[in-house]
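Just query.cif here, mmCIF, C-alpha atoms and all ligand atoms:
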data_final
#
loop_
_atom_site.label_atom_id
_atom_site.label_comp_id
_atom_site.auth_asym_id
_atom_site.auth_seq_id
_atom_site.Cartn_x
_atom_site.Cartn_y
_atom_site.Cartn_z
CA MET A 1 16.10 -8.80 39.09
CA ILE A 2 19.48 -8.50 37.39
CA PRO A 3 19.44 -5.42 35.13
CA PHE A 4 20.08 -5.99 31.41
CA ILE A 5 22.13 -2.80 31.35
CA ASP A 6 22.97 -1.31 34.73
CA LEU A 7 22.87 2.47 34.24
CA ARG A 8 22.35 3.00 37.98
CA LYS A 9 25.69 1.46 38.83
CA GLN A 10 27.42 3.74 36.34
CA TYR A 11 25.55 6.77 37.66
CA SER A 12 26.50 6.04 41.26
CA ARG A 13 30.14 6.14 40.15
CA ILE A 14 29.91 9.56 38.46
CA GLU A 15 26.94 10.98 40.37
CA LYS A 16 28.62 14.09 41.78
CA ASP A 17 30.25 15.10 38.51
CA VAL A 18 27.11 14.55 36.43
CA ASP A 19 24.90 16.41 38.90
CA GLN A 20 27.33 19.32 38.92
CA ALA A 21 27.61 19.37 35.12
CA ILE A 22 23.81 19.48 34.74
CA LYS A 23 23.52 22.17 37.41
CA LYS A 24 26.06 24.25 35.52
CA VAL A 25 23.85 24.18 32.44
CA LEU A 26 20.79 25.09 34.52
CA LEU A 27 22.69 28.10 35.85
CA HIS A 28 24.06 29.42 32.55
CA GLY A 29 20.76 28.64 30.80
CA GLN A 30 22.08 28.08 27.27
CA TYR A 31 19.96 25.01 26.69
CA ILE A 32 20.28 25.14 22.92
CA LEU A 33 23.81 24.87 21.48
CA GLY A 34 25.42 25.91 24.76
CA PRO A 35 29.21 25.76 25.26
CA GLU A 36 29.07 22.10 26.36
CA VAL A 37 27.94 21.05 22.86
CA ALA A 38 30.98 22.58 21.14
CA GLU A 39 33.31 21.20 23.83
CA LEU A 40 31.84 17.73 23.43
CA GLU A 41 32.13 17.90 19.63
CA ARG A 42 35.85 18.75 19.94
CA LYS A 43 36.47 15.92 22.40
CA LEU A 44 34.49 13.37 20.39
CA ALA A 45 36.34 14.29 17.18
CA ASP A 46 39.65 13.85 19.04
CA PHE A 47 38.55 10.51 20.44
CA ALA A 48 37.30 9.21 17.09
CA GLY A 49 40.22 10.68 15.17
CA THR A 50 38.24 12.80 12.72
CA LYS A 51 38.54 16.47 11.81
CA TYR A 52 34.89 17.27 12.44
CA CYS A 53 32.07 16.15 14.68
CA LEU A 54 28.54 17.51 15.03
CA GLY A 55 26.28 16.56 17.90
CA CYS A 56 22.68 15.85 16.96
CA SER A 57 19.40 14.66 18.42
CA SER A 58 19.68 10.90 17.81
CA GLY A 59 21.47 8.19 15.89
CA THR A 60 18.53 8.14 13.50
CA ASP A 61 18.90 11.86 12.77
CA ALA A 62 22.66 11.40 12.39
CA LEU A 63 21.97 8.90 9.60
CA LEU A 64 19.39 11.16 7.99
CA MET A 65 21.73 14.18 8.09
CA ALA A 66 24.54 12.15 6.50
CA MET A 67 22.24 10.84 3.79
CA MET A 68 20.76 14.29 3.09
CA ALA A 69 24.28 15.76 2.87
CA MET A 70 25.13 13.13 0.26
CA ASP A 71 21.88 13.90 -1.55
CA PHE A 72 20.33 10.42 -1.47
CA LYS A 73 17.21 10.48 -3.63
CA LYS A 74 14.66 8.49 -5.59
CA GLY A 75 16.35 6.30 -8.16
CA ASP A 76 19.46 5.75 -6.01
CA ALA A 77 20.51 2.29 -4.84
CA VAL A 78 22.06 2.25 -1.37
CA PHE A 79 23.79 -0.98 -0.38
CA THR A 80 23.46 -2.15 3.19
CA THR A 81 23.09 -5.08 5.56
CA PRO A 82 19.83 -6.89 6.28
CA PHE A 83 20.92 -7.50 9.88
CA THR A 84 20.67 -4.24 11.79
CA PHE A 85 18.28 -2.05 13.75
CA PHE A 86 15.55 -0.71 11.46
CA ALA A 87 16.73 2.94 11.59
CA THR A 88 19.62 2.23 9.18
CA VAL A 89 17.29 1.04 6.44
CA GLU A 90 14.40 3.27 7.44
CA MET A 91 16.46 6.43 6.87
CA ILE A 92 17.73 5.22 3.48
CA ALA A 93 14.10 4.66 2.44
CA MET A 94 13.07 7.98 4.00
CA THR A 95 15.30 9.87 1.55
CA GLY A 96 13.51 8.15 -1.36
CA ALA A 97 16.51 5.95 -2.18
CA THR A 98 16.14 2.17 -2.50
CA PRO A 99 17.85 -0.03 0.09
CA VAL A 100 19.64 -2.96 -1.58
CA PHE A 101 20.68 -5.72 0.78
CA ALA A 102 23.84 -7.80 0.77
CA ASP A 103 23.87 -10.80 3.12
CA ILE A 104 26.04 -11.01 6.22
CA ASP A 105 29.13 -12.93 7.19
CA PRO A 106 27.76 -15.73 9.41
CA LYS A 107 30.67 -15.37 11.83
CA THR A 108 30.66 -11.61 12.53
CA TYR A 109 27.03 -10.84 11.54
CA ASN A 110 28.38 -7.82 9.62
CA ILE A 111 27.92 -7.27 5.88
CA ASP A 112 29.85 -9.79 3.76
CA PRO A 113 32.12 -7.82 1.37
CA ALA A 114 31.86 -10.50 -1.34
CA LYS A 115 28.06 -10.32 -1.23
CA LEU A 116 28.26 -6.52 -1.26
CA ARG A 117 30.28 -6.60 -4.48
CA GLU A 118 27.80 -9.03 -6.05
CA ALA A 119 24.89 -6.76 -5.12
CA ILE A 120 26.56 -3.70 -6.68
CA LEU A 121 27.37 -5.60 -9.88
CA LYS A 122 23.77 -6.82 -10.10
CA VAL A 123 22.32 -3.32 -9.77
CA ARG A 124 24.78 -2.03 -12.36
CA ALA A 125 23.88 -4.81 -14.78
CA GLU A 126 20.16 -4.19 -14.35
CA GLY A 127 20.66 -0.49 -15.03
CA LYS A 128 17.47 0.63 -13.29
CA LEU A 129 18.92 2.24 -10.19
CA ASN A 130 21.90 4.52 -9.76
CA PRO A 131 24.46 2.99 -7.33
CA LYS A 132 24.88 5.78 -4.77
CA ALA A 133 26.55 4.69 -1.54
CA ILE A 134 27.30 1.91 0.92
CA VAL A 135 25.90 2.08 4.46
CA THR A 136 27.78 -0.22 6.80
CA VAL A 137 26.72 -1.17 10.32
CA ASP A 138 29.07 -2.19 13.13
CA ILE A 139 26.68 -4.69 14.60
CA PHE A 140 26.63 -5.35 18.35
CA GLY A 141 29.67 -3.08 18.78
CA GLN A 142 32.05 -4.72 16.33
CA PRO A 143 33.44 -2.92 13.25
CA ALA A 144 32.61 -4.33 9.83
CA ASP A 145 35.45 -5.43 7.50
CA TYR A 146 36.53 -1.94 6.38
CA ASP A 147 39.66 -2.97 4.44
CA ALA A 148 37.57 -5.11 2.11
CA ILE A 149 34.62 -2.71 2.05
CA GLN A 150 36.77 0.32 1.21
CA LYS A 151 38.37 -1.58 -1.67
CA ILE A 152 34.91 -2.21 -3.13
CA ALA A 153 33.86 1.39 -2.45
CA ASP A 154 36.93 2.61 -4.36
CA GLU A 155 36.37 0.16 -7.21
CA PHE A 156 32.87 1.51 -7.83
CA GLY A 157 33.44 5.10 -6.66
CA LEU A 158 30.86 4.86 -3.86
CA PRO A 159 31.10 6.72 -0.54
CA VAL A 160 30.67 4.78 2.71
CA ILE A 161 28.41 5.94 5.52
CA GLU A 162 29.25 4.12 8.72
CA ASP A 163 26.36 3.43 11.08
CA GLY A 164 28.39 3.16 14.27
CA ALA A 165 25.37 3.60 16.54
CA GLN A 166 26.31 0.45 18.47
CA ALA A 167 30.05 0.78 18.30
CA MET A 168 31.30 4.23 19.36
CA GLY A 169 35.03 3.88 20.08
CA ALA A 170 35.44 0.30 18.83
CA LEU A 171 38.69 -0.33 16.94
CA CYS A 172 39.35 -1.63 13.45
CA LYS A 173 43.12 -2.00 12.87
CA GLY A 174 43.83 0.93 15.18
CA ARG A 175 41.15 3.25 13.76
CA ARG A 176 38.16 4.13 15.87
CA VAL A 177 34.47 3.85 15.07
CA PRO A 178 32.89 5.93 13.59
CA SER A 179 35.85 7.26 11.60
CA LEU A 180 35.93 4.43 9.07
CA GLY A 181 33.59 5.82 6.42
CA LYS A 182 33.30 9.13 4.57
CA ILE A 183 30.74 10.03 7.23
CA GLY A 184 30.35 8.17 10.51
CA CYS A 185 27.20 8.21 12.61
CA THR A 186 26.66 7.26 16.21
CA SER A 187 23.93 7.22 18.84
CA PHE A 188 23.93 8.23 22.49
CA PHE A 189 20.65 6.47 23.26
CA PRO A 190 20.96 5.51 26.96
CA ALA A 191 21.47 1.79 26.27
CA LYS A 192 24.29 2.30 23.75
CA PRO A 193 27.85 1.78 25.00
CA LEU A 194 28.29 5.57 25.33
CA GLY A 195 24.84 6.83 26.20
CA CYS A 196 23.34 10.05 27.55
CA TYR A 197 20.16 10.49 29.62
CA GLY A 198 17.78 10.86 26.72
CA ASP A 199 18.17 10.84 22.95
CA GLY A 200 21.37 12.01 21.30
CA GLY A 201 23.73 11.27 18.44
CA ALA A 202 26.60 12.62 16.39
CA VAL A 203 28.10 12.64 12.89
CA PHE A 204 31.83 12.53 12.12
CA THR A 205 33.80 13.34 8.98
CA ASP A 206 37.09 14.65 7.64
CA ASP A 207 35.34 16.24 4.66
CA LYS A 208 34.78 19.99 5.03
CA GLU A 209 32.07 20.17 2.38
CA LEU A 210 30.03 17.36 3.94
CA TYR A 211 30.56 18.88 7.38
CA ASP A 212 29.28 22.25 6.13
CA ALA A 213 26.26 20.60 4.56
CA MET A 214 25.43 18.74 7.78
CA PHE A 215 26.04 21.89 9.84
CA SER A 216 23.39 23.57 7.72
CA ILE A 217 20.95 20.62 7.75
CA LEU A 218 21.21 20.42 11.56
CA VAL A 219 19.31 23.70 11.90
CA HIS A 220 16.66 24.02 9.17
CA GLY A 221 19.14 24.38 6.31
CA ARG A 222 20.67 27.52 7.76
CA GLY A 223 22.89 29.71 5.60
CA GLY A 224 25.13 32.48 6.85
CA ASP A 225 22.31 33.70 9.04
CA LYS A 226 19.61 31.86 10.97
CA TYR A 227 16.85 33.31 8.76
CA ASP A 228 18.71 32.84 5.51
CA ASN A 229 17.70 29.23 4.78
CA VAL A 230 19.58 27.79 1.83
CA ARG A 231 18.24 24.20 1.75
CA LEU A 232 15.71 21.97 3.48
CA GLY A 233 16.98 20.78 6.81
CA LEU A 234 15.90 19.50 10.19
CA ASN A 235 15.75 20.56 13.80
CA ALA A 236 18.26 17.96 14.93
CA ARG A 237 20.38 19.64 17.60
CA LEU A 238 21.90 17.84 20.58
CA ASP A 239 20.60 19.31 23.86
CA THR A 240 23.16 21.12 25.98
CA VAL A 241 22.15 19.09 29.05
CA GLN A 242 22.87 15.85 27.20
CA ALA A 243 26.23 17.19 26.02
CA ALA A 244 27.09 18.01 29.65
CA VAL A 245 26.20 14.44 30.69
CA LEU A 246 28.23 13.00 27.81
CA LEU A 247 31.32 15.06 28.71
CA GLU A 248 31.35 13.34 32.10
CA LYS A 249 30.64 9.90 30.67
CA LEU A 250 33.31 10.27 27.98
CA LYS A 251 35.94 10.70 30.73
CA ILE A 252 35.40 7.15 31.98
CA TYR A 253 34.49 5.62 28.63
CA PRO A 254 37.96 4.31 27.63
CA GLU A 255 38.16 2.53 30.99
CA GLU A 256 34.62 1.19 30.50
CA ILE A 257 35.63 -0.24 27.12
CA GLU A 258 38.35 -2.18 28.98
CA LEU A 259 35.88 -3.34 31.64
CA ARG A 260 33.59 -4.59 28.87
CA GLN A 261 36.44 -6.78 27.53
CA LYS A 262 36.79 -8.35 30.99
CA VAL A 263 33.07 -9.05 31.21
CA VAL A 264 33.16 -10.75 27.82
CA ALA A 265 36.27 -12.78 28.74
CA LYS A 266 34.38 -14.10 31.77
CA TYR A 267 31.30 -14.88 29.66
CA ARG A 268 33.52 -16.80 27.22
CA GLU A 269 34.99 -18.87 30.05
CA VAL A 270 31.57 -19.66 31.54
CA LEU A 271 29.68 -20.34 28.28
CA ASP A 272 32.38 -22.24 26.42
CA GLY A 273 30.84 -25.21 24.63
CA LEU A 274 27.27 -24.28 25.59
CA VAL A 275 26.33 -21.75 22.90
CA THR A 276 27.95 -20.23 19.79
CA LEU A 277 30.10 -17.40 21.11
CA PRO A 278 30.80 -14.16 19.20
CA HIS A 279 33.72 -14.12 16.80
CA VAL A 280 36.08 -11.12 16.79
CA PRO A 281 38.50 -11.11 13.84
CA GLU A 282 42.15 -10.18 14.39
CA GLY A 283 42.58 -6.39 14.43
CA ASN A 284 39.08 -5.67 15.76
CA VAL A 285 38.14 -4.52 19.25
CA SER A 286 34.39 -4.62 19.94
CA VAL A 287 32.76 -2.35 22.51
CA TRP A 288 30.09 -5.02 23.07
CA ALA A 289 26.91 -2.99 22.75
CA GLN A 290 25.28 -6.39 23.04
CA PHE A 291 26.66 -9.72 24.09
CA CYS A 292 24.86 -11.94 21.59
CA VAL A 293 25.18 -15.69 21.33
CA LEU A 294 23.50 -18.28 19.12
CA SER A 295 21.68 -21.41 20.19
CA PRO A 296 18.99 -23.58 18.66
CA ASP A 297 17.72 -23.88 22.26
CA PHE A 298 17.32 -20.12 22.69
CA ALA A 299 13.61 -20.33 23.61
CA ALA A 300 14.22 -22.86 26.42
CA ILE A 301 17.26 -20.88 27.59
CA GLN A 302 15.34 -17.59 27.66
CA ASP A 303 12.55 -19.29 29.56
CA ALA A 304 14.94 -20.66 32.19
CA LEU A 305 16.66 -17.28 32.49
CA ARG A 306 13.31 -15.55 32.99
CA LYS A 307 12.42 -17.98 35.80
CA ASN A 308 15.68 -16.99 37.47
CA ASP A 309 15.00 -13.25 37.12
CA ILE A 310 17.68 -12.87 34.45
CA PRO A 311 16.63 -10.73 31.48
CA SER A 312 17.60 -11.56 27.91
CA ALA A 313 16.57 -10.06 24.58
CA ARG A 314 16.41 -10.89 20.88
CA TYR A 315 18.35 -8.64 18.51
CA TYR A 316 17.02 -8.93 15.82
CA PRO A 317 14.36 -11.58 15.28
CA ILE A 318 13.31 -10.29 11.83
CA PRO A 319 15.96 -9.31 9.27
CA MET A 320 15.29 -6.05 7.43
CA HIS A 321 14.29 -7.55 4.08
CA LEU A 322 11.43 -9.46 5.75
CA LEU A 323 9.95 -6.55 7.71
CA LYS A 324 6.46 -5.46 6.76
CA ALA A 325 7.67 -1.90 6.19
CA MET A 326 10.11 -3.17 3.55
CA GLU A 327 7.63 -5.43 1.76
CA TYR A 328 7.53 -3.03 -1.21
CA LEU A 329 11.14 -3.91 -2.02
CA GLY A 330 9.99 -7.39 -3.06
CA TYR A 331 12.43 -9.56 -1.09
CA ARG A 332 11.39 -13.04 0.05
CA LYS A 333 12.34 -15.49 2.75
CA GLY A 334 15.46 -17.30 1.59
CA ASP A 335 16.96 -14.22 -0.13
CA MET A 336 19.40 -13.53 2.73
CA PRO A 337 20.00 -17.01 4.16
CA GLU A 338 22.82 -16.11 6.56
CA ALA A 339 20.97 -13.17 8.11
CA GLU A 340 17.85 -15.31 8.41
CA LYS A 341 19.78 -18.12 10.13
CA VAL A 342 21.31 -15.75 12.67
CA ALA A 343 17.98 -14.00 13.27
CA ASP A 344 16.42 -17.39 14.05
CA THR A 345 18.85 -18.36 16.81
CA VAL A 346 20.42 -15.19 18.25
CA PHE A 347 19.79 -13.82 21.72
CA ALA A 348 21.48 -11.26 23.96
CA LEU A 349 22.54 -11.62 27.58
CA PRO A 350 22.93 -8.84 30.16
CA MET A 351 25.88 -6.65 29.18
CA HIS A 352 27.45 -3.58 30.74
CA ALA A 353 30.82 -2.51 32.09
CA TYR A 354 29.91 -3.25 35.72
CA LEU A 355 28.62 -6.81 35.37
CA ASP A 356 30.34 -8.88 38.08
CA ASP A 357 31.79 -12.39 37.85
CA ALA A 358 29.28 -13.92 40.28
CA THR A 359 26.35 -12.77 38.13
CA ILE A 360 27.98 -14.09 34.97
CA GLU A 361 28.57 -17.43 36.70
CA LYS A 362 24.93 -17.56 37.73
CA ILE A 363 23.82 -16.85 34.14
CA GLY A 364 26.21 -19.57 32.95
CA ALA A 365 24.81 -22.09 35.43
CA VAL A 366 21.24 -21.49 34.26
CA ILE A 367 22.24 -21.90 30.60
CA ARG A 368 24.24 -25.03 31.42
CA SER A 369 21.22 -26.56 33.18
CA VAL A 370 19.19 -26.20 29.95
CA VAL A 371 21.81 -27.15 27.38
CA LYS A 372 23.23 -30.14 29.27
CA LYS A 373 19.83 -31.70 29.92
C1 LIG B 1 20.30 2.52 17.98
C2 LIG B 1 20.61 2.43 16.54
C3 LIG B 1 20.26 3.46 15.65
C4 LIG B 1 19.39 4.62 16.04
O1 LIG B 1 19.87 5.38 17.08
P1 LIG B 1 18.83 6.29 17.91
O2 LIG B 1 19.72 7.18 18.70
O3 LIG B 1 18.03 5.37 18.76
O4 LIG B 1 18.01 7.03 16.94
C5 LIG B 1 20.67 3.35 14.33
N1 LIG B 1 21.35 2.29 13.89
C6 LIG B 1 21.69 1.27 14.72
C7 LIG B 1 22.49 0.14 14.17
C8 LIG B 1 21.31 1.30 16.06
O5 LIG B 1 21.63 0.29 16.86
#
Have the structure of the file written as structure tokens, please.
Amino acid sequence: MIPFIDLRKQYSRIEKDVDQAIKKVLLHGQYILGPEVAELERKLADFAGTKYCLGCSSGTDALLMAMMAMDFKKGDAVFTTPFTFFATVEMIAMTGATPVFADIDPKTYNIDPAKLREAILKVRAEGKLNPKAIVTVDIFGQPADYDAIQKIADEFGLPVIEDGAQAMGALCKGRRVPSLGKIGCTSFFPAKPLGCYGDGGAVFTDDKELYDAMFSILVHGRGGDKYDNVRLGLNARLDTVQAAVLLEKLKIYPEEIELRQKVVAKYREVLDGLVTLPHVPEGNVSVWAQFCVLSPDFAAIQDALRKNDIPSARYYPIPMHLLKAMEYLGYRKGDMPEAEKVADTVFALPMHAYLDDATIEKIGAVIRSVVKK
């Protein structure tokens, strides 16, 4: 069986260093907020190009911390994409705010800035909800259109939270994810481009006040002292062991981003003309969290791949506005036509930095045998 994401191959490359780093934590015993966490936060902030970074327990908690720091609440409208992993929308709703969707660009699958502007104008005209913020997602590893989005954010005075859970280190006109919003969030879930060996995440910002708020929220709303709680918070710390793993993985991550470009170049060569290939606008570098293609024949292709022991997956078969959990928002099928179209035909092929040419050729041959029938 070909692995969908080959974490074993990566581990065999850094095995000694990772083992040693974990052992070091076991010996010093500072499992909670040990020195590795602060070191990682410094290195991640440098890599992303932000002033501050805070490690936390998951990408989901990163989003929640950012939204709590910005005081999302009932009566707020938060504008976001219908084509993402549920956590983005789930955390907006969790704060009591109302997610308001703007359809995607059919080429990049990221939020369409023109539709975003329309959605904000509509909420303003209705006057029921208070426009609060924009939450962007860098879907499948590719940054959204931040030039256009920031213009709209400035026009309406709305802060941007960047959900960069899939895109740590991707580039948008020379700036790295997740440094493109007021607060950036990322995830170190094992299958993400930069993953640890469990759950983990981080928030990034240049804003001291928001950083201080998130620093407090991270540990039960701490004040100057641990038992001087000044607000409601969470227990959302990043484990020291995971920080130690991430420090080792971060060392090879820039090279892995390059390797991912090579894998995708090979996929493009092999799949040309067979399926709709991903579009990367000028100025963007994706980190390819997923290699997703579109085909009306996806079911037959997935079936043939399965018979050849090649895994594939569907991200995401149901857009957010049509999920049962979001029924209360009152959206209907047809409200987000572009997201619905993509959701109906998208599927993901094996993707990781160590995928070799022979495997990609084999995957291509199977897909060719279905499409060219
Ligand atoms: C994975 C993911 C998250 C959640 O990250 P976790 O670390 O799994 O909590 C949030 N948003 C997007 C877009 C994701 O892909």
Using all atoms listed in the file, which protein or nucleic acid residues are at most 6 Å from ligand LIG 1 (chain B), as an mmCIF file with C-alpha atoms, in the frame of the given file?
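Heads up, here's the output in result-v4.cif:
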data_model
loop_
_atom_site.group_PDB
_atom_site.id
_atom_site.type_symbol
_atom_site.label_atom_id
_atom_site.label_comp_id
_atom_site.auth_asym_id
_atom_site.auth_seq_id
_atom_site.Cartn_x
_atom_site.Cartn_y
_atom_site.Cartn_z
ATOM 1 C CA SER A 58 19.680 10.900 17.810
ATOM 2 C CA GLY A 59 21.470 8.190 15.890
ATOM 3 C CA THR A 60 18.530 8.140 13.500
ATOM 4 C CA THR A 84 20.670 -4.240 11.790
ATOM 5 C CA PHE A 85 18.280 -2.050 13.750
ATOM 6 C CA ALA A 87 16.730 2.940 11.590
ATOM 7 C CA THR A 88 19.620 2.230 9.180
ATOM 8 C CA VAL A 137 26.720 -1.170 10.320
ATOM 9 C CA ASP A 163 26.360 3.430 11.080
ATOM 10 C CA ALA A 165 25.370 3.600 16.540
ATOM 11 C CA GLN A 166 26.310 0.450 18.470
ATOM 12 C CA SER A 187 23.930 7.220 18.840
ATOM 13 C CA PHE A 188 23.930 8.230 22.490
ATOM 14 C CA PHE A 189 20.650 6.470 23.260
ATOM 15 C CA ASP A 199 18.170 10.840 22.950
ATOM 16 C CA GLY A 200 21.370 12.010 21.300
ATOM 17 C CA GLY A 201 23.730 11.270 18.440
#
Can you list, as a VMD selection string, every protein, DNA or RNA residue that comes within 7 Å of segment 146-157 of chain A when you count all atoms listed in the file, leaving out same-chain residues fewer than 4 positions away? chain A and resid 113 117 180
Of the residues A:Cys172, A:Leu238, A:Ala243, A:Leu349, which is the one nearest to Lys43 of chain A, using all atoms listed in the file?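 The shortest atom-to-atom distance to Lys43 of chain A comes from A:Ala243.
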Nearest to Lys73 of chain A by atom-to-atom distance, counting only C-alpha atoms, from A:Ala97, A:Ile32, A:Met320, A:Ala114: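 Result for the nearest residue to Lys73 of chain A: A:Ala97.
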Compile the contact shell of Arg268 of chain A as a CSV table (one decimal) with C-alpha atoms, keeping the file's coordinate frame: residues with an atom at most 12 Å away, counting only C-alpha atoms, same-chain residues fewer than 2 positions apart removed.
chain,number,residue,atom,x,y,z
A,261,GLN,CA,36.4,-6.8,27.5
A,262,LYS,CA,36.8,-8.4,31.0
A,263,VAL,CA,33.1,-9.0,31.2
A,264,VAL,CA,33.2,-10.8,27.8
A,265,ALA,CA,36.3,-12.8,28.7
A,266,LYS,CA,34.4,-14.1,31.8
A,270,VAL,CA,31.6,-19.7,31.5
A,271,LEU,CA,29.7,-20.3,28.3
A,272,ASP,CA,32.4,-22.2,26.4
A,273,GLY,CA,30.8,-25.2,24.6
A,274,LEU,CA,27.3,-24.3,25.6
A,275,VAL,CA,26.3,-21.8,22.9
A,276,THR,CA,28.0,-20.2,19.8
A,277,LEU,CA,30.1,-17.4,21.1
A,278,PRO,CA,30.8,-14.2,19.2
A,279,HIS,CA,33.7,-14.1,16.8
A,291,PHE,CA,26.7,-9.7,24.1
A,292,CYS,CA,24.9,-11.9,21.6
A,293,VAL,CA,25.2,-15.7,21.3
A,357,ASP,CA,31.8,-12.4,37.8
A,360,ILE,CA,28.0,-14.1,35.0
A,361,GLU,CA,28.6,-17.4,36.7
A,363,ILE,CA,23.8,-16.8,34.1
A,364,GLY,CA,26.2,-19.6,33.0
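Counting all atoms listed in the file, the residue from A:Leu322, A:Thr240, A:Lys373, A:Glu255 that sits nearest to Ile301 of chain A is A:Lys373.
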So which one's closest to Met168 of chain A, A:Ser216, A:Ser286, A:Thr136, A:Thr345? Using only C-alpha atoms, please. A:Ser286
Do you know which residues are at most 7 Å from Arg260 of chain A counting only C-alpha atoms, after dropping those on the same chain fewer than 5 positions away, and could you put them as a PyMOL selection string? chain A and resi 287-288+352-353
Please check which residues have atoms at most 6 Å from (26.8, 5.5, 11.9) in the file's coordinates, counting all atoms listed in the file, and write them as a compact mmCIF listing (two decimals) with C-alpha atoms, in the frame of the given file.
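Heads up, here's the output in result10.txt:
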# COMPACT_ATOMS: atom_id res chain seq x y z
CA GLU A 162 29.25 4.12 8.72
CA ASP A 163 26.36 3.43 11.08
CA GLY A 164 28.39 3.16 14.27
CA ALA A 165 25.37 3.60 16.54
CA GLY A 184 30.35 8.17 10.51
CA CYS A 185 27.20 8.21 12.61
CA THR A 186 26.66 7.26 16.21
Atom CA of Ile139 of chain A to atom CA of Val241 of chain A, distance in Å rounded to a single decimal: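 These two atoms are separated by 28.2 Å.
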Between atom CA of Asn110 of chain A and atom CA of Asp145 of chain A, measure the distance and give it in Å to one decimal.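 Calculated distance between atom CA of Asn110 of chain A and atom CA of Asp145 of chain A is 7.8 Å.
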Proximity to Val285 of chain A - best of A:Lys307, A:Lys324, A:Lys208, A:Lys173, all atoms listed in the file: A:Lys173
For Asp344 of chain A: contacts at 9 Å, all atoms listed in the file, fewer than 5 positions along chain excluded, given as a list in words: Leu294, Pro296, Tyr316, Pro317, Ile318 and Ala339 of chain A
Next, the residues of the selection above should be written as a CSV table (one decimal), in the frame of the given file with C-alpha atoms.
chain,number,residue,atom,x,y,z
A,294,LEU,CA,23.5,-18.3,19.1
A,296,PRO,CA,19.0,-23.6,18.7
A,316,TYR,CA,17.0,-8.9,15.8
A,317,PRO,CA,14.4,-11.6,15.3
A,318,ILE,CA,13.3,-10.3,11.8
A,339,ALA,CA,21.0,-13.2,8.1
Quick one: residues within 8 Å of segment 13-27 of chain A, only C-alpha atoms counted, chain neighbours fewer than 4 positions away excluded, as a PyMOL selection string? chain A and resi 9+31+240-241+244-245+248-249
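Between Asp112 of chain A and the candidates A:Leu246, A:Met336, A:Leu355, A:Met65, the tightest atom-to-atom separation, counting only C-alpha atoms, involves A:Met336.
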When you draw a straight line from atom CA of Glu209 of chain A to atom CA of Gln142 of chain A, how long is it in Å? 28.5 Å
Output file request: segment 54-80 of chain A, with C-alpha atoms, as a PDB file, in the first residue's frame.
ATOM      1  CA  LEU A  54       2.499  31.415  20.802  1.00  0.00           C
ATOM      2  CA  GLY A  55       2.446  27.647  20.635  1.00  0.00           C
ATOM      3  CA  CYS A  56      -0.874  26.027  21.505  1.00  0.00           C
ATOM      4  CA  SER A  57      -2.609  22.675  21.633  1.00  0.00           C
ATOM      5  CA  SER A  58      -4.137  22.536  18.129  1.00  0.00           C
ATOM      6  CA  GLY A  59      -5.100  24.545  15.091  1.00  0.00           C
ATOM      7  CA  THR A  60      -8.650  24.572  16.402  1.00  0.00           C
ATOM      8  CA  ASP A  61      -7.541  26.127  19.698  1.00  0.00           C
ATOM      9  CA  ALA A  62      -5.377  28.605  17.794  1.00  0.00           C
ATOM     10  CA  LEU A  63      -8.514  29.809  16.001  1.00  0.00           C
ATOM     11  CA  LEU A  64     -10.503  29.945  19.224  1.00  0.00           C
ATOM     12  CA  MET A  65      -7.766  31.912  21.031  1.00  0.00           C
ATOM     13  CA  ALA A  66      -7.574  34.422  18.169  1.00  0.00           C
ATOM     14  CA  MET A  67     -11.345  34.828  18.104  1.00  0.00           C
ATOM     15  CA  MET A  68     -11.581  35.174  21.894  1.00  0.00           C
ATOM     16  CA  ALA A  69      -8.796  37.786  21.842  1.00  0.00           C
ATOM     17  CA  MET A  70     -10.805  39.766  19.291  1.00  0.00           C
ATOM     18  CA  ASP A  71     -13.911  39.335  21.440  1.00  0.00           C
ATOM     19  CA  PHE A  72     -16.155  37.622  18.884  1.00  0.00           C
ATOM     20  CA  LYS A  73     -19.648  37.388  20.356  1.00  0.00           C
ATOM     21  CA  LYS A  74     -23.346  36.930  19.717  1.00  0.00           C
ATOM     22  CA  GLY A  75     -24.603  39.478  17.232  1.00  0.00           C
ATOM     23  CA  ASP A  76     -21.305  39.610  15.313  1.00  0.00           C
ATOM     24  CA  ALA A  77     -21.060  38.643  11.646  1.00  0.00           C
ATOM     25  CA  VAL A  78     -17.806  36.914  10.729  1.00  0.00           C
ATOM     26  CA  PHE A  79     -17.138  36.549   7.012  1.00  0.00           C
ATOM     27  CA  THR A  80     -15.496  33.365   5.806  1.00  0.00           C
TER      28      THR A  80
END
